[in-house]
Amino acid sequence: MNVPETFFSVSEELVLFGISCLAGAAIGIFYDVFRVIRIIFPHNHILIMIEDIIFLLCYAVFAMAFSSAAVRGEMRGYYILGNAIGFVIYLFTVGNVVTEAIRKLFLLIKRAFLFITCPFRAAFAVICKKLSVKFVGNSKLSPKSAKNLNLLLLKPYHLLYNKMENNKKRNVTDLGIKKKEKTEKSKP
């Protein structure tokens, strides 16, 4: 009877540790995608947190696939340790060089774009300034003309509160009568 091998030898475990370190470097390359997105499109802490959660979920799927494919479904602590070592080594060596190169390249592209679009932006600013003066001037004239024409209320409405007390004229507020009408009513 041929029993399948249930244990890894020390040399096989060292090879698996080396593979997990290389896989950690691959995970670092995947994390650089998120770092590049953060460089190109700066965003707030909430989006960074969401990106990190997505990264950790992808790493969890990778760790499960690695344990299923390479090590017969066994999960050992030194696989995670190897991933972490490979990730950190990649991140602080090649990863920093790559992200710094991408940062400088993006800054160069941004400056070139700003230089090319400078005349268009200046013309657009002049047009916007002239249009804003025109529209702001119109908005200031509109309420004045409406007040002069007295079209806001064609007929003053009478709002009476405390209708029970209305006959005795106590605690009554008449909001619809203008001051002129009040003075005319009070004169005998």
# chains A, B, ... in the order shown; residues from 1 in each chain; ligands from 1
$ residues_around --residues "range 88-104 of chain A" --least-positions-apart "5" --cutoff "10 Å" --atoms "only C-alpha atoms" --output "list of chain:residue names"
A:Cys21, A:Leu22, A:Gly24, A:Ala25, A:Ala26, A:Ile27, A:Gly28, A:Ile29, A:Tyr31, A:Asp32, A:Val33, A:Arg35, A:Val36, A:Ile39, A:Ile40, A:Gly82, A:Asn83, A:Ile109, A:Lys110
$ write_last_selection --atoms "C-alpha atoms" --output "PDB file, in the first residue's frame"
ATOM      1  CA  CYS A  21       8.970  35.224  -0.198  1.00  0.00           C
ATOM      2  CA  LEU A  22       8.808  35.600  -3.987  1.00  0.00           C
ATOM      3  CA  GLY A  24       5.303  38.403  -1.210  1.00  0.00           C
ATOM      4  CA  ALA A  25       7.283  40.410  -3.774  1.00  0.00           C
ATOM      5  CA  ALA A  26       4.492  39.751  -6.301  1.00  0.00           C
ATOM      6  CA  ILE A  27       1.993  40.972  -3.723  1.00  0.00           C
ATOM      7  CA  GLY A  28       4.161  44.098  -3.368  1.00  0.00           C
ATOM      8  CA  ILE A  29       3.885  44.676  -7.123  1.00  0.00           C
ATOM      9  CA  TYR A  31       0.166  46.878  -3.934  1.00  0.00           C
ATOM     10  CA  ASP A  32       2.178  49.275  -6.116  1.00  0.00           C
ATOM     11  CA  VAL A  33      -0.848  49.483  -8.406  1.00  0.00           C
ATOM     12  CA  ARG A  35       0.146  53.324  -4.689  1.00  0.00           C
ATOM     13  CA  VAL A  36       0.277  54.554  -8.276  1.00  0.00           C
ATOM     14  CA  ILE A  39      -0.209  59.258  -6.761  1.00  0.00           C
ATOM     15  CA  ILE A  40      -2.175  59.986  -9.916  1.00  0.00           C
ATOM     16  CA  GLY A  82       7.628  34.645   3.951  1.00  0.00           C
ATOM     17  CA  ASN A  83       4.947  36.715   2.235  1.00  0.00           C
ATOM     18  CA  ILE A 109       3.360  64.946 -17.684  1.00  0.00           C
ATOM     19  CA  LYS A 110       1.298  67.290 -15.501  1.00  0.00           C
TER      20      LYS A 110
END
$ residues_around --residues "range 10-19 of chain A" --least-positions-apart "5" --cutoff "12 Å" --atoms "only C-alpha atoms" --output "list in words"
Gly24, Ala25, Ala26, Phe66, Ser67, Ala69, Ala70, Val71, Arg72, Glu74, Met75, Arg76, Gly77, Tyr78, Tyr79, Ile80, Leu81, Gly82, Asn83, Ala84, Ile85 and Gly86 of chain A
$ atom_distance --atom1 "CA of Met49 in chain A" --atom2 "CA of Ala63 in chain A"
20.8 Å
$ atom_distance --atom1 "CA of His43 in chain A" --atom2 "CA of Phe87 in chain A"
24.0 Å
$ residues_around --residues "Cys58 in chain A" --least-positions-apart "6" --cutoff "10 Å" --atoms "only C-alpha atoms" --output "list in words"
Ile27, Phe30, Asp52 and Met64 of chain A
$ atom_distance --atom1 "CA of Phe55 in chain A" --atom2 "CA of Phe34 in chain A"
8.3 Å
